[in-house]
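Asker: My file is input24.cif. It has mmCIF, C-alpha atoms:
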```cif
data_input
#
loop_
_atom_site.label_atom_id
_atom_site.label_comp_id
_atom_site.auth_asym_id
_atom_site.auth_seq_id
_atom_site.Cartn_x
_atom_site.Cartn_y
_atom_site.Cartn_z
CA MET M 1 -95.52 33.76 19.80
CA PRO M 2 -92.45 34.16 17.59
CA PRO M 3 -91.35 31.03 15.81
CA GLN M 4 -88.73 29.06 17.65
CA THR M 5 -85.43 28.60 15.93
CA LYS M 6 -83.28 25.59 16.45
CA SER M 7 -80.03 26.43 18.10
CA ALA M 8 -76.90 25.22 16.41
CA LYS M 9 -75.64 22.01 17.90
CA ILE M 10 -72.32 22.51 19.61
CA PRO M 11 -70.09 19.52 18.95
CA SER M 12 -68.89 17.84 22.09
CA LEU M 13 -65.19 17.55 22.66
CA SER M 14 -64.38 13.92 23.24
CA PRO M 15 -60.92 12.56 23.98
CA PHE M 16 -61.62 10.07 21.20
CA ASP M 17 -62.01 12.82 18.55
CA ASN M 18 -58.26 13.44 18.51
CA PRO M 19 -56.77 10.55 20.41
CA LEU M 20 -53.23 10.96 21.62
CA PRO M 21 -50.77 8.36 20.39
CA LEU M 22 -50.30 5.47 22.75
CA PRO M 23 -46.83 4.74 24.09
CA ALA M 24 -45.15 1.62 22.73
CA LEU M 25 -42.29 1.99 25.20
CA THR M 26 -41.77 4.02 28.36
CA LEU M 27 -38.85 4.17 30.74
CA THR M 28 -39.31 5.95 34.07
CA GLN M 29 -36.31 6.80 36.24
CA VAL M 30 -34.36 3.76 35.04
CA SER M 31 -30.93 3.36 36.61
CA LYS M 32 -28.12 0.89 35.99
CA SER M 33 -24.58 0.73 37.34
CA TYR M 34 -21.66 -1.57 36.69
CA GLY M 35 -19.64 -1.41 39.87
CA ASP M 36 -18.60 2.21 40.34
CA VAL M 37 -19.62 3.17 36.80
CA THR M 38 -23.11 4.63 36.37
CA ALA M 39 -24.49 3.81 32.91
CA LEU M 40 -28.07 5.02 33.44
CA ALA M 41 -28.90 7.68 36.02
CA GLY M 42 -32.68 7.98 36.16
CA LEU M 43 -33.40 7.75 32.43
CA ASP M 44 -36.88 8.75 31.24
CA MET M 45 -38.07 7.93 27.72
CA ARG M 46 -41.32 7.65 25.78
CA VAL M 47 -41.60 6.14 22.31
CA ASP M 48 -45.10 6.35 20.81
CA GLU M 49 -46.69 3.76 18.56
CA GLY M 50 -45.79 4.09 14.90
CA GLU M 51 -43.04 6.66 15.27
CA VAL M 52 -39.38 6.47 14.32
CA TYR M 53 -37.38 7.55 17.37
CA GLY M 54 -33.74 8.61 17.10
CA PHE M 55 -31.83 7.93 20.32
CA LEU M 56 -28.90 10.31 20.05
CA GLY M 57 -25.84 10.51 22.28
CA ARG M 58 -22.09 10.38 22.42
CA ASN M 59 -20.25 7.09 22.74
CA GLY M 60 -20.63 5.97 26.34
CA ALA M 61 -23.73 8.11 26.97
CA GLY M 62 -25.86 5.10 27.97
CA LYS M 63 -27.62 4.23 24.70
CA SER M 64 -26.50 0.60 24.43
CA THR M 65 -27.19 -0.06 28.12
CA ALA M 66 -30.72 1.31 27.74
CA LEU M 67 -31.41 -0.99 24.79
CA LYS M 68 -29.98 -3.99 26.64
CA VAL M 69 -32.27 -3.24 29.58
CA ILE M 70 -35.26 -3.00 27.24
CA MET M 71 -34.31 -6.29 25.58
CA GLY M 72 -33.82 -8.01 28.93
CA VAL M 73 -30.15 -8.73 28.25
CA THR M 74 -29.37 -6.95 31.51
CA ARG M 75 -31.62 -5.87 34.37
CA ALA M 76 -32.05 -2.33 35.63
CA ASP M 77 -31.15 -1.56 39.23
CA ALA M 78 -34.16 0.72 39.65
CA GLY M 79 -37.00 2.30 37.71
CA GLU M 80 -39.98 1.12 35.67
CA ILE M 81 -40.26 -0.08 32.08
CA SER M 82 -43.49 -0.56 30.15
CA LEU M 83 -43.30 -2.36 26.84
CA LEU M 84 -46.28 -2.53 24.46
CA ASP M 85 -48.64 -1.45 27.26
CA THR M 86 -47.28 -4.18 29.54
CA PRO M 87 -45.16 -3.48 32.66
CA MET M 88 -41.96 -5.50 32.51
CA ARG M 89 -41.68 -7.88 35.42
CA GLY M 90 -38.67 -10.11 34.94
CA ASP M 91 -38.33 -12.23 31.84
CA ASP M 92 -41.36 -12.52 29.53
CA PRO M 93 -40.58 -14.61 26.42
CA ALA M 94 -43.95 -13.89 24.80
CA LEU M 95 -43.34 -10.16 25.13
CA ARG M 96 -39.78 -10.43 23.80
CA GLN M 97 -41.08 -12.22 20.70
CA GLN M 98 -42.83 -9.01 19.72
CA LEU M 99 -39.48 -7.22 19.50
CA GLY M 100 -36.96 -7.10 16.69
CA TYR M 101 -33.36 -6.31 17.57
CA VAL M 102 -30.29 -5.37 15.52
CA ALA M 103 -27.12 -5.24 17.62
CA GLN M 104 -24.12 -3.05 16.96
CA GLU M 105 -22.05 -6.16 16.19
CA GLN M 106 -23.58 -9.14 14.42
CA HIS M 107 -22.57 -12.70 15.30
CA PHE M 108 -23.76 -15.49 13.02
CA TYR M 109 -22.87 -19.10 12.35
CA GLU M 110 -20.25 -18.36 9.73
CA TRP M 111 -20.80 -21.58 7.79
CA MET M 112 -24.50 -20.84 7.25
CA ASN M 113 -26.01 -18.83 4.42
CA PRO M 114 -28.92 -16.38 4.95
CA GLU M 115 -31.56 -18.89 3.83
CA ARG M 116 -30.39 -21.46 6.39
CA LEU M 117 -30.09 -18.78 9.05
CA GLY M 118 -33.66 -17.72 8.32
CA ALA M 119 -34.89 -21.29 8.73
CA PHE M 120 -32.98 -21.58 12.01
CA VAL M 121 -34.07 -18.23 13.52
CA GLY M 122 -37.64 -18.67 12.29
CA GLY M 123 -38.05 -21.67 14.57
CA PHE M 124 -38.02 -19.36 17.59
CA TYR M 125 -40.90 -17.15 16.39
CA PRO M 126 -44.48 -18.39 15.87
CA THR M 127 -45.12 -15.36 13.64
CA TRP M 128 -42.13 -15.94 11.34
CA ASP M 129 -42.99 -15.15 7.71
CA ASN M 130 -40.62 -16.81 5.26
CA GLU M 131 -42.05 -14.88 2.29
CA GLU M 132 -41.39 -11.64 4.13
CA PHE M 133 -37.85 -12.78 4.87
CA SER M 134 -37.26 -13.51 1.18
CA ARG M 135 -38.69 -10.10 0.26
CA LEU M 136 -36.39 -8.37 2.73
CA LEU M 137 -33.32 -10.20 1.46
CA GLN M 138 -34.18 -9.05 -2.05
CA ILE M 139 -34.79 -5.41 -1.04
CA LEU M 140 -31.60 -5.34 1.02
CA GLU M 141 -29.66 -7.05 -1.78
CA VAL M 142 -28.42 -9.84 0.49
CA PRO M 143 -27.44 -13.02 -1.41
CA GLY M 144 -29.49 -15.83 0.11
CA ARG M 145 -27.16 -18.71 -0.72
CA ARG M 146 -23.77 -17.24 0.00
CA ARG M 147 -21.99 -18.19 3.21
CA VAL M 148 -22.00 -15.47 5.84
CA GLU M 149 -18.27 -15.72 6.52
CA GLY M 150 -17.55 -13.67 3.39
CA PHE M 151 -19.98 -10.84 4.22
CA SER M 152 -18.84 -7.27 4.83
CA GLY M 153 -19.93 -5.37 7.93
CA GLY M 154 -22.64 -3.57 5.99
CA MET M 155 -23.98 -6.82 4.51
CA ARG M 156 -24.07 -8.38 7.98
CA ALA M 157 -26.11 -5.43 9.27
CA LYS M 158 -28.57 -5.84 6.38
CA LEU M 159 -28.91 -9.56 7.12
CA ALA M 160 -29.50 -8.77 10.80
CA LEU M 161 -32.22 -6.30 9.80
CA ALA M 162 -33.96 -8.92 7.62
CA LEU M 163 -33.84 -11.45 10.47
CA ALA M 164 -35.19 -8.86 12.92
CA LEU M 165 -38.14 -7.90 10.71
CA ALA M 166 -39.22 -11.24 9.25
CA HIS M 167 -41.33 -12.21 12.27
CA ARG M 168 -43.18 -8.88 11.96
CA PRO M 169 -42.32 -7.39 15.38
CA ARG M 170 -44.38 -4.55 16.79
CA LEU M 171 -41.25 -2.73 17.96
CA LEU M 172 -37.86 -2.68 16.23
CA LEU M 173 -34.74 -1.75 18.21
CA LEU M 174 -31.43 -0.95 16.49
CA ASP M 175 -28.22 -0.29 18.41
CA GLU M 176 -25.82 1.84 16.32
CA PRO M 177 -26.63 -0.37 13.30
CA THR M 178 -24.45 1.56 10.81
CA ALA M 179 -21.22 1.38 12.81
CA GLY M 180 -18.33 0.75 10.43
CA MET M 181 -20.28 1.56 7.24
CA ASP M 182 -19.17 4.16 4.73
CA ALA M 183 -21.33 7.24 4.10
CA VAL M 184 -23.17 5.75 1.11
CA ALA M 185 -23.94 2.46 2.86
CA ARG M 186 -25.12 4.32 5.97
CA ARG M 187 -27.52 6.48 4.03
CA GLU M 188 -28.93 3.49 2.10
CA PHE M 189 -29.39 1.47 5.30
CA ILE M 190 -31.15 4.27 7.21
CA THR M 191 -33.38 4.96 4.19
CA ILE M 192 -34.48 1.31 4.13
CA VAL M 193 -35.14 1.35 7.88
CA ARG M 194 -37.28 4.47 7.47
CA ASP M 195 -39.13 3.11 4.42
CA GLU M 196 -39.93 -0.18 6.14
CA ALA M 197 -41.16 1.64 9.26
CA VAL M 198 -43.51 3.79 7.17
CA ARG M 199 -44.67 0.83 5.07
CA SER M 200 -45.60 -1.31 8.06
CA GLN M 201 -46.37 1.53 10.54
CA ARG M 202 -43.94 -0.20 12.86
CA THR M 203 -42.54 1.57 15.91
CA THR M 204 -38.79 1.91 15.45
CA LEU M 205 -36.12 3.02 17.91
CA PHE M 206 -32.56 3.39 16.68
CA SER M 207 -29.55 4.66 18.57
CA SER M 208 -26.81 6.70 16.95
CA HIS M 209 -24.08 9.23 17.65
CA LEU M 210 -24.39 10.59 14.09
CA ILE M 211 -26.54 13.70 13.68
CA ASP M 212 -27.30 13.18 9.99
CA GLU M 213 -28.83 9.74 10.59
CA VAL M 214 -31.28 11.11 13.12
CA GLU M 215 -32.06 14.10 10.93
CA GLN M 216 -32.68 11.80 7.95
CA ALA M 217 -35.04 9.31 9.56
CA ALA M 218 -36.45 10.30 12.96
CA ASP M 219 -39.89 11.68 13.80
CA LYS M 220 -38.73 12.36 17.35
CA VAL M 221 -35.32 12.55 18.98
CA GLY M 222 -34.10 11.80 22.47
CA ILE M 223 -30.71 13.23 23.46
CA VAL M 224 -29.01 11.29 26.23
CA ASP M 225 -25.81 12.10 28.09
CA ALA M 226 -24.31 10.60 31.24
CA GLY M 227 -27.28 8.26 31.47
CA ARG M 228 -29.91 11.03 31.59
CA MET M 229 -32.35 12.37 29.02
CA HIS M 230 -31.47 15.96 28.14
CA TYR M 231 -34.09 16.51 25.46
CA GLU M 232 -37.01 14.56 24.01
CA GLY M 233 -39.21 15.94 21.26
CA SER M 234 -39.29 16.98 17.62
CA LEU M 235 -36.28 18.22 15.68
CA ASP M 236 -38.15 21.41 14.77
CA LEU M 237 -38.78 22.23 18.43
CA LEU M 238 -35.14 21.47 19.24
CA ARG M 239 -33.93 23.84 16.53
CA SER M 240 -36.23 26.63 17.67
CA SER M 241 -35.40 26.30 21.36
CA VAL M 242 -31.59 26.57 21.20
CA THR M 243 -30.02 29.89 20.12
CA ARG M 244 -26.52 31.32 19.92
CA TYR M 245 -25.62 34.98 20.47
CA ASP M 246 -22.21 36.49 19.68
CA LEU M 247 -20.60 39.61 21.13
CA PRO M 248 -17.51 41.04 19.37
CA ASN M 249 -14.94 42.87 21.53
CA PRO M 250 -16.54 41.78 24.82
CA ASP M 251 -14.06 43.78 26.95
CA ALA M 252 -15.78 46.98 25.85
CA VAL M 253 -19.19 45.85 27.16
CA ASP M 254 -20.63 45.07 30.58
CA PRO M 255 -19.82 41.36 31.26
CA GLU M 256 -23.28 40.84 32.74
CA LEU M 257 -25.49 39.02 30.25
CA PRO M 258 -28.50 41.14 29.24
CA GLU M 259 -31.92 40.06 30.46
CA SER M 260 -33.08 39.71 26.84
CA ILE M 261 -30.73 36.71 26.60
CA THR M 262 -31.16 35.13 30.03
CA ARG M 263 -34.91 35.60 30.72
CA GLY M 264 -36.66 32.24 30.58
CA ARG M 265 -33.53 30.56 29.25
CA VAL M 266 -30.82 28.20 30.44
CA VAL M 267 -27.25 29.05 29.46
CA LEU M 268 -25.67 25.97 27.86
CA GLN M 269 -22.35 27.53 26.88
CA ASP M 270 -20.54 30.78 27.51
CA SER M 271 -17.17 30.84 25.77
CA LEU M 272 -14.58 33.22 24.37
CA ARG M 273 -12.72 32.66 21.12
CA ASP M 274 -10.87 35.08 18.82
CA ASN M 275 -12.12 38.03 20.90
CA VAL M 276 -15.76 37.01 20.34
CA ARG M 277 -17.93 35.94 23.26
CA SER M 278 -20.42 33.24 22.29
CA VAL M 279 -23.40 32.35 24.45
CA VAL M 280 -25.70 29.43 23.64
CA VAL M 281 -29.03 29.33 25.46
CA ARG M 282 -31.98 26.98 25.57
CA THR M 283 -35.39 28.62 25.79
CA ASP M 284 -37.97 27.26 28.21
CA PRO M 285 -41.28 26.20 26.61
CA GLY M 286 -43.77 29.06 26.35
CA VAL M 287 -41.17 31.84 26.55
CA GLN M 288 -41.35 34.31 23.68
CA SER M 289 -38.02 35.09 22.04
CA GLY M 290 -37.44 38.84 21.93
CA ASP M 291 -34.94 41.06 20.18
CA VAL M 292 -31.47 41.17 21.69
CA ALA M 293 -29.92 44.61 22.04
CA TRP M 294 -26.92 45.65 19.98
CA PRO M 295 -23.98 44.85 19.95
CA TRP M 296 -25.11 41.25 20.55
CA ARG M 297 -26.11 39.40 17.37
CA GLN M 298 -27.90 36.11 16.78
CA VAL M 299 -25.95 33.42 14.90
CA PRO M 300 -27.57 30.43 13.12
CA LEU M 301 -26.84 27.00 14.58
CA SER M 302 -26.68 23.67 12.79
CA LEU M 303 -28.21 20.61 14.42
CA GLU M 304 -24.68 19.40 15.17
CA ASP M 305 -23.90 22.72 16.92
CA ILE M 306 -27.02 22.28 19.04
CA PHE M 307 -26.12 18.71 19.94
CA VAL M 308 -22.57 19.67 20.96
CA SER M 309 -23.83 22.59 23.03
CA MET M 310 -26.19 20.31 24.95
CA VAL M 311 -23.79 17.46 25.72
CA GLY M 312 -20.34 19.00 25.30
CA LYS M 313 -18.13 20.10 28.16
CA ARG M 314 -18.04 23.84 27.61
CA VAL M 315 -16.85 23.40 24.03
CA SER M 316 -16.03 26.67 22.27
CA LEU M 317 -18.01 27.23 19.10
#
```
As a first step, turn the structure in this file into structure tokens.
Answerer:
Amino acid sequence: MPPQTKSAKIPSLSPFDNPLPLPALTLTQVSKSYGDVTALAGLDMRVDEGEVYGFLGRNGAGKSTALKVIMGVTRADAGEISLLDTPMRGDDPALRQQLGYVAQEQHFYEWMNPERLGAFVGGFYPTWDNEEFSRLLQILEVPGRRRVEGFSGGMRAKLALALALAHRPRLLLLDEPTAGMDAVARREFITIVRDEAVRSQRTTLFSSHLIDEVEQAADKVGIVDAGRMHYEGSLDLLRSSVTRYDLPNPDAVDPELPESITRGRVVLQDSLRDNVRSVVVRTDPGVQSGDVAWPWRQVPLSLEDIFVSMVGKRVSL
């Protein structure tokens, strides 16, 4: 009898070998109206644990309303929200204490200084860490003993960030935190937000209408317009899925768009400017991009171009 050989052991594929990230926050078909004005129209969102999520949209797109619903400042009319693996059912103070929040406009007791404000705010959080608060004030270069009434808008935002992080929240929410800052202050603030998120592995969601902020800091982006999510995913996938094609002298060519442009794609814009027809398309997942026949030519798009094409109202490029 020939000697038996041991067969190689085939490793089993377990869902625990490469576990998917768990969601820290999910919104499912969330709607909110103020009278006749619809702020959220069936918004879906998923923010995974440990990621920095850029919530991008024009002014009035629904970003602030979504954050207020998450914070419990206002209630949704419909839909489901799960926060830190817990379905939200009305007000839950213990759950809210695991959140940090930086509003677009900061309101403090003007006669207080940051140290006194920290002592006051810390009384509301069992997990408040005064040493962490002092460290944050130092990193953010916020003077601890100067009265708040003399602070600039950027300094107020930094103080709000220190107050939001000092109780070590699991999820940090920031609503247009750099509004009113100059370019240098904005970049410094977003860098600190990103560095602190990486350092603590804290889930961070920040809203913005500024492309460069999202590009600088976010792992994932959600593009919202008219209260609906138009895109959610990585910046790399966004860049690769939206393409622009130009056609010079379009009157000399069949006006029908060629199949090589339309197949498996959604036309976002089709405009005419300076005798050049420009078509911007979004490719469906899994569709291979092929060559487009002459005289059409592919034109590179910036992230800002892509954003405008997705939320703009037939804006010419």
Asker: Name the residues captured by the PyMOL selection byres ((chain M and resi 268) around 12) when it is applied to the shown file; answer as JSON, numbers by chain.
Answerer: {"M": [230, 241, 242, 243, 244, 245, 261, 262, 265, 266, 267, 269, 270, 271, 278, 279, 280, 281, 282, 283, 305, 306, 307, 308, 309, 310, 311, 312, 313, 314, 315, 316, 317]}
Asker: How many Å lie between atom CA of M:Pro23 and atom CA of M:Leu174, rounded to one decimal?
Answerer: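 These two atoms are separated by 18.1 Å.
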Asker: In Å, rounded to a single decimal, give me how far atom CA of M:Val214 is from atom CA of M:Arg58.
Answerer: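 Distance reported for this atom pair: 13.1 Å.
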Asker: Once you count only C-alpha atoms, what closest atom pair and distance in Å to one decimal does each residue of stretch 69-106 of chain M within 12 Å of stretch 147-154 of chain M have, with rows by chain and rising residue number, as CSV?
Answerer:
```
residue,atom,partner,partner_atom,distance
M:Gln104,CA,M:Gly153,CA,10.2
M:Glu105,CA,M:Gly153,CA,8.6
M:Gln106,CA,M:Gly153,CA,8.3
```
Asker: Apply the PyMOL selection byres ((chain M and resi 195-207) around 10) to the file shown and report the selected residues as a VMD selection string.
Answerer: chain M and resid 23 to 25 47 to 57 63 to 64 66 to 67 99 to 102 104 136 165 168 to 178 189 to 194 208 to 210 213 to 214 217 to 223
Asker: In Å, with one decimal, what is the gap from atom CA of M:His167 to atom CA of M:Lys68?
Answerer: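 Atom-to-atom, atom CA of M:His167 and atom CA of M:Lys68 are spaced 20.1 Å apart.
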Asker: Starting from the PyMOL selection byres ((chain M and resi 75-80) around 12), expand the selection into actual residues of this file and give them as JSON, numbers by chain.
Answerer: {"M": [25, 26, 27, 28, 29, 30, 31, 32, 33, 34, 35, 38, 39, 40, 41, 42, 43, 44, 45, 46, 65, 66, 67, 68, 69, 70, 71, 72, 73, 74, 81, 82, 83, 86, 87, 88, 89, 90, 91]}
Asker: When you count only C-alpha atoms, which of these residues is closest to M:Pro295: M:Asp274, M:Asp182, M:Asp254, M:Asp92?
Answerer: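 For M:Pro295, the nearest of the given residues is M:Asp254.
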